[in-house]
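Just below is one structure, and these are the notes that go with it.
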Amino acid sequence: MTRVAYFMTSVLDIKTGVLYTALMTNAKHFWRLAVLIAIYALLLFASVWLLRRDFVTGIWRIPVGLIPMLPAIGILLNYMERFRTFDELQRNIQSEGLSFPVVATAIITFSYGFLQTSIGAPNISFFWVWPILAMTWMIGTMLAWRRYR
């Protein structure tokens, strides 16, 4: 019972630390991220709507399909700017936290690729790479955070 309560407290502490950092010390980056995500969602909706109704034809389908990636690039730049504001401990935690998902995602995607080649596993979309990366990033950051605690 104690272990469960301790784990729950640790998760809440991690979340509180992240929210405190985002809202109190990096409010500029938090709000910029919120605006970029909103723009991304609007452009994604518009892009899919236009493409599914065949309002855009020919080569113009490519830029219309990729237009939601412009705010995604902004999200990347915002994260990099925020990362530069981290102190040494936060940088170490994030660096270790990001090392884990890079290798884990490579192992998972390569393993599934071998299964597709060897036993004919069904094809899956590249859209699954990001959720795998995000989940392993969360796990890697939690492991790194516990190490530096």
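Labeling convention for the structure tokens: chains A, B, ... as they appear, residues from 1 per chain, ligands from 1 in order of appearance.
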Selection near Leu89 in chain A, 12 Å with only C-alpha atoms, sequence-local residues under 3 positions removed, as an mmCIF file with all heavy atoms, in the first residue's frame:
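Generated output (result-v1.cif):
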data_model
loop_
_atom_site.group_PDB
_atom_site.id
_atom_site.type_symbol
_atom_site.label_atom_id
_atom_site.label_comp_id
_atom_site.auth_asym_id
_atom_site.auth_seq_id
_atom_site.Cartn_x
_atom_site.Cartn_y
_atom_site.Cartn_z
ATOM 1 N N PHE A 83 14.065 25.120 -23.981
ATOM 2 C CA PHE A 83 15.144 24.248 -23.511
ATOM 3 C C PHE A 83 16.371 25.065 -23.140
ATOM 4 O O PHE A 83 17.054 24.775 -22.169
ATOM 5 C CB PHE A 83 15.492 23.218 -24.592
ATOM 6 C CG PHE A 83 16.487 22.192 -24.155
ATOM 7 C CD1 PHE A 83 16.076 21.068 -23.463
ATOM 8 C CD2 PHE A 83 17.842 22.340 -24.433
ATOM 9 C CE1 PHE A 83 16.990 20.109 -23.048
ATOM 10 C CE2 PHE A 83 18.763 21.392 -24.029
ATOM 11 C CZ PHE A 83 18.333 20.278 -23.332
ATOM 12 N N THR A 85 16.467 27.864 -21.797
ATOM 13 C CA THR A 85 16.274 28.568 -20.519
ATOM 14 C C THR A 85 16.431 27.643 -19.316
ATOM 15 O O THR A 85 16.460 28.121 -18.188
ATOM 16 C CB THR A 85 14.870 29.220 -20.451
ATOM 17 O OG1 THR A 85 13.868 28.193 -20.401
ATOM 18 C CG2 THR A 85 14.626 30.144 -21.621
ATOM 19 N N PHE A 86 16.506 26.332 -19.557
ATOM 20 C CA PHE A 86 16.616 25.370 -18.458
ATOM 21 C C PHE A 86 17.961 25.501 -17.760
ATOM 22 O O PHE A 86 18.977 25.800 -18.391
ATOM 23 C CB PHE A 86 16.501 23.937 -18.965
ATOM 24 C CG PHE A 86 15.118 23.541 -19.436
ATOM 25 C CD1 PHE A 86 14.961 22.402 -20.188
ATOM 26 C CD2 PHE A 86 14.005 24.293 -19.135
ATOM 27 C CE1 PHE A 86 13.708 22.009 -20.623
ATOM 28 C CE2 PHE A 86 12.748 23.919 -19.559
ATOM 29 C CZ PHE A 86 12.593 22.769 -20.301
ATOM 30 N N ASN A 92 19.904 18.173 -18.026
ATOM 31 C CA ASN A 92 20.312 16.771 -17.889
ATOM 32 C C ASN A 92 19.098 15.853 -17.888
ATOM 33 O O ASN A 92 19.104 14.810 -18.543
ATOM 34 C CB ASN A 92 21.131 16.563 -16.616
ATOM 35 C CG ASN A 92 22.548 17.051 -16.762
ATOM 36 O OD1 ASN A 92 23.018 17.284 -17.863
ATOM 37 N ND2 ASN A 92 23.223 17.214 -15.645
ATOM 38 N N ILE A 93 18.072 16.234 -17.141
ATOM 39 C CA ILE A 93 16.864 15.406 -17.080
ATOM 40 C C ILE A 93 16.229 15.297 -18.465
ATOM 41 O O ILE A 93 15.878 14.206 -18.919
ATOM 42 C CB ILE A 93 15.864 15.970 -16.052
ATOM 43 C CG1 ILE A 93 16.418 15.784 -14.632
ATOM 44 C CG2 ILE A 93 14.488 15.312 -16.196
ATOM 45 C CD1 ILE A 93 15.627 16.499 -13.558
ATOM 46 N N GLN A 94 16.096 16.414 -19.158
ATOM 47 C CA GLN A 94 15.485 16.377 -20.497
ATOM 48 C C GLN A 94 16.362 15.634 -21.497
ATOM 49 O O GLN A 94 15.853 14.891 -22.335
ATOM 50 C CB GLN A 94 15.194 17.797 -20.997
ATOM 51 C CG GLN A 94 13.995 18.432 -20.358
ATOM 52 C CD GLN A 94 12.723 17.651 -20.630
ATOM 53 O OE1 GLN A 94 12.445 17.242 -21.750
ATOM 54 N NE2 GLN A 94 11.938 17.435 -19.590
ATOM 55 N N SER A 95 17.673 15.818 -21.411
ATOM 56 C CA SER A 95 18.567 15.113 -22.329
ATOM 57 C C SER A 95 18.493 13.609 -22.126
ATOM 58 O O SER A 95 18.403 12.842 -23.090
ATOM 59 C CB SER A 95 20.011 15.587 -22.146
ATOM 60 O OG SER A 95 20.127 16.935 -22.515
ATOM 61 N N GLU A 96 18.529 13.179 -20.876
ATOM 62 C CA GLU A 96 18.393 11.747 -20.609
ATOM 63 C C GLU A 96 16.998 11.262 -20.964
ATOM 64 O O GLU A 96 16.825 10.161 -21.480
ATOM 65 C CB GLU A 96 18.707 11.441 -19.139
ATOM 66 C CG GLU A 96 20.172 11.509 -18.826
ATOM 67 C CD GLU A 96 20.485 11.053 -17.409
ATOM 68 O OE1 GLU A 96 19.754 10.194 -16.874
ATOM 69 O OE2 GLU A 96 21.456 11.569 -16.844
ATOM 70 N N GLY A 97 16.012 12.098 -20.672
ATOM 71 C CA GLY A 97 14.642 11.740 -20.998
ATOM 72 C C GLY A 97 14.420 11.582 -22.495
ATOM 73 O O GLY A 97 13.623 10.752 -22.926
ATOM 74 N N ALA A 144 14.591 9.606 -15.634
ATOM 75 C CA ALA A 144 15.676 10.560 -15.391
ATOM 76 C C ALA A 144 15.375 11.428 -14.182
ATOM 77 O O ALA A 144 16.273 11.698 -13.368
ATOM 78 C CB ALA A 144 15.895 11.421 -16.641
ATOM 79 N N TRP A 145 14.136 11.857 -14.055
ATOM 80 C CA TRP A 145 13.758 12.698 -12.912
ATOM 81 C C TRP A 145 13.996 11.943 -11.609
ATOM 82 O O TRP A 145 14.518 12.491 -10.656
ATOM 83 C CB TRP A 145 12.286 13.114 -13.041
ATOM 84 C CG TRP A 145 11.829 13.961 -11.900
ATOM 85 C CD1 TRP A 145 11.981 15.311 -11.782
ATOM 86 C CD2 TRP A 145 11.163 13.531 -10.720
ATOM 87 N NE1 TRP A 145 11.451 15.738 -10.591
ATOM 88 C CE2 TRP A 145 10.939 14.659 -9.916
ATOM 89 C CE3 TRP A 145 10.736 12.284 -10.257
ATOM 90 C CZ2 TRP A 145 10.305 14.600 -8.698
ATOM 91 C CZ3 TRP A 145 10.102 12.216 -9.024
ATOM 92 C CH2 TRP A 145 9.896 13.364 -8.269
ATOM 93 N N ARG A 147 16.117 9.619 -11.079
ATOM 94 C CA ARG A 147 17.560 9.456 -10.874
ATOM 95 C C ARG A 147 18.173 10.688 -10.215
ATOM 96 O O ARG A 147 19.062 10.581 -9.375
ATOM 97 C CB ARG A 147 18.223 9.202 -12.225
ATOM 98 C CG ARG A 147 19.716 9.037 -12.108
ATOM 99 C CD ARG A 147 20.311 8.579 -13.437
ATOM 100 N NE ARG A 147 21.727 8.493 -13.281
ATOM 101 C CZ ARG A 147 22.584 9.196 -13.985
ATOM 102 N NH1 ARG A 147 22.168 10.005 -14.921
ATOM 103 N NH2 ARG A 147 23.864 9.084 -13.773
ATOM 104 N N TYR A 148 17.705 11.866 -10.584
ATOM 105 C CA TYR A 148 18.282 13.119 -10.064
ATOM 106 C C TYR A 148 17.580 13.618 -8.813
ATOM 107 O O TYR A 148 17.924 14.671 -8.286
ATOM 108 C CB TYR A 148 18.266 14.210 -11.139
ATOM 109 C CG TYR A 148 19.303 13.982 -12.197
ATOM 110 C CD1 TYR A 148 18.953 13.486 -13.456
ATOM 111 C CD2 TYR A 148 20.641 14.242 -11.943
ATOM 112 C CE1 TYR A 148 19.902 13.276 -14.413
ATOM 113 C CE2 TYR A 148 21.606 14.020 -12.904
ATOM 114 C CZ TYR A 148 21.228 13.537 -14.132
ATOM 115 O OH TYR A 148 22.181 13.326 -15.087
ATOM 116 N N ARG A 149 16.562 12.919 -8.364
ATOM 117 C CA ARG A 149 15.798 13.349 -7.200
ATOM 118 C C ARG A 149 16.615 13.382 -5.945
ATOM 119 O O ARG A 149 17.563 12.810 -5.648
ATOM 120 C CB ARG A 149 14.632 12.393 -7.026
ATOM 121 C CG ARG A 149 13.431 13.025 -6.448
ATOM 122 C CD ARG A 149 12.287 12.133 -6.575
ATOM 123 N NE ARG A 149 12.487 11.024 -5.608
ATOM 124 C CZ ARG A 149 11.580 10.165 -5.338
ATOM 125 N NH1 ARG A 149 10.457 10.210 -5.948
ATOM 126 N NH2 ARG A 149 11.781 9.217 -4.469
#
Using only C-alpha atoms, which of the listed residues (A:Thr136, A:Leu77, A:Arg53, A:Gly65) sits closest to Ile108 in chain A? A:Thr136
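The nearest approach to Phe126 in chain A among the residues A:Ile62, A:Leu76, A:Arg146, A:Gly113, with only C-alpha atoms taken into account, belongs to A:Gly113.
Closest approach to Ile67 in chain A among A:Phe45, A:Phe100, A:Trp137, A:Trp130 is made by A:Phe45 (distances from only C-alpha atoms).
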Name the residues of chain A that come out as alpha helix (DSSP H) in a backbone DSSP run; write them as a ChimeraX atom specification. /A:2-20,27-52,61-66,69-83,88-119,129-148
Print the selection's residues with C-alpha atoms to a file, as a short mmCIF file (atom, residue, chain, number, x, y, z; two decimals), in the first residue's frame.
data_model
loop_
_atom_site.label_atom_id
_atom_site.label_comp_id
_atom_site.auth_asym_id
_atom_site.auth_seq_id
_atom_site.Cartn_x
_atom_site.Cartn_y
_atom_site.Cartn_z
CA THR A 2 2.82 2.38 0.82
CA ARG A 3 4.44 1.81 -2.58
CA VAL A 4 1.24 2.70 -4.41
CA ALA A 5 0.79 5.90 -2.41
CA TYR A 6 4.47 6.78 -2.95
CA PHE A 7 4.20 6.21 -6.71
CA MET A 8 1.02 8.28 -6.92
CA THR A 9 2.71 11.08 -4.97
CA SER A 10 5.75 10.93 -7.25
CA VAL A 11 3.58 11.21 -10.35
CA LEU A 12 1.72 14.14 -8.88
CA ASP A 13 5.01 15.79 -7.91
CA ILE A 14 6.32 15.35 -11.43
CA LYS A 15 3.18 16.84 -12.93
CA THR A 16 3.18 19.73 -10.47
CA GLY A 17 6.82 20.47 -11.25
CA VAL A 18 6.17 20.49 -14.98
CA LEU A 19 3.07 22.66 -14.68
CA TYR A 20 4.83 25.06 -12.32
CA ALA A 27 4.64 31.57 -19.20
CA LYS A 28 5.76 33.09 -22.51
CA HIS A 29 6.64 29.68 -23.91
CA PHE A 30 3.48 28.09 -22.52
CA TRP A 31 1.16 30.63 -24.17
CA ARG A 32 3.10 30.55 -27.42
CA LEU A 33 2.74 26.76 -27.42
CA ALA A 34 -1.01 27.04 -26.76
CA VAL A 35 -1.44 29.47 -29.69
CA LEU A 36 0.67 27.32 -32.01
CA ILE A 37 -1.33 24.20 -31.12
CA ALA A 38 -4.58 26.08 -31.79
CA ILE A 39 -3.28 27.28 -35.17
CA TYR A 40 -2.11 23.75 -35.97
CA ALA A 41 -5.56 22.34 -35.17
CA LEU A 42 -7.31 24.95 -37.33
CA LEU A 43 -4.95 24.41 -40.27
CA LEU A 44 -5.25 20.65 -39.94
CA PHE A 45 -9.05 20.84 -39.95
CA ALA A 46 -9.04 23.20 -42.96
CA SER A 47 -6.50 21.10 -44.84
CA VAL A 48 -8.37 17.83 -44.33
CA TRP A 49 -11.68 19.48 -45.16
CA LEU A 50 -10.33 20.93 -48.43
CA LEU A 51 -8.60 17.73 -49.48
CA ARG A 52 -11.52 15.39 -48.71
CA ARG A 61 -2.63 18.94 -52.82
CA ILE A 62 0.93 18.62 -51.48
CA PRO A 63 1.30 22.12 -49.98
CA VAL A 64 -2.29 22.08 -48.72
CA GLY A 65 -1.62 18.72 -47.06
CA LEU A 66 1.59 20.00 -45.47
CA MET A 69 3.34 21.55 -40.41
CA LEU A 70 4.17 25.28 -40.34
CA PRO A 71 2.94 25.76 -36.76
CA ALA A 72 4.52 22.38 -35.93
CA ILE A 73 7.88 23.90 -36.90
CA GLY A 74 6.98 26.82 -34.61
CA ILE A 75 6.33 24.33 -31.80
CA LEU A 76 9.80 22.86 -32.36
CA LEU A 77 11.43 26.31 -32.28
CA ASN A 78 9.45 27.23 -29.16
CA TYR A 79 10.62 24.05 -27.41
CA MET A 80 14.24 24.70 -28.39
CA GLU A 81 14.03 28.26 -27.04
CA ARG A 82 12.49 26.96 -23.81
CA PHE A 83 15.14 24.25 -23.51
CA GLU A 88 21.84 22.40 -15.83
CA LEU A 89 19.74 19.90 -13.87
CA GLN A 90 16.67 20.39 -16.07
CA ARG A 91 18.84 20.04 -19.18
CA ASN A 92 20.31 16.77 -17.89
CA ILE A 93 16.86 15.41 -17.08
CA GLN A 94 15.49 16.38 -20.50
CA SER A 95 18.57 15.11 -22.33
CA GLU A 96 18.39 11.75 -20.61
CA GLY A 97 14.64 11.74 -21.00
CA LEU A 98 15.01 12.25 -24.76
CA SER A 99 17.78 9.67 -25.17
CA PHE A 100 15.49 6.87 -24.00
CA PRO A 101 12.68 7.43 -26.56
CA VAL A 102 15.05 7.78 -29.49
CA VAL A 103 16.46 4.31 -28.89
CA ALA A 104 13.13 2.81 -27.73
CA THR A 105 11.28 4.12 -30.80
CA ALA A 106 14.02 2.77 -33.07
CA ILE A 107 13.78 -0.65 -31.42
CA ILE A 108 9.97 -0.72 -31.60
CA THR A 109 9.70 0.48 -35.22
CA PHE A 110 12.53 -1.74 -36.47
CA SER A 111 11.06 -4.74 -34.65
CA TYR A 112 7.70 -4.15 -36.28
CA GLY A 113 9.39 -3.67 -39.66
CA PHE A 114 11.08 -7.04 -39.25
CA LEU A 115 7.71 -8.58 -38.36
CA GLN A 116 6.19 -7.06 -41.49
CA THR A 117 8.98 -8.54 -43.61
CA SER A 118 9.22 -11.92 -41.92
CA ILE A 119 5.66 -12.89 -41.02
CA VAL A 129 5.66 6.88 -34.56
CA TRP A 130 4.83 10.08 -32.68
CA PRO A 131 2.60 8.44 -30.02
CA ILE A 132 5.31 5.83 -29.45
CA LEU A 133 7.94 8.57 -29.18
CA ALA A 134 5.76 10.67 -26.86
CA MET A 135 5.00 7.77 -24.51
CA THR A 136 8.62 6.68 -24.30
CA TRP A 137 9.69 10.34 -23.83
CA MET A 138 7.38 10.53 -20.83
CA ILE A 139 8.78 7.27 -19.43
CA GLY A 140 12.38 8.36 -20.08
CA THR A 141 11.84 11.74 -18.41
CA MET A 142 10.24 10.09 -15.37
CA LEU A 143 13.18 7.70 -15.07
CA ALA A 144 15.68 10.56 -15.39
CA TRP A 145 13.76 12.70 -12.91
CA ARG A 146 13.82 9.86 -10.37
CA ARG A 147 17.56 9.46 -10.87
CA TYR A 148 18.28 13.12 -10.06
#
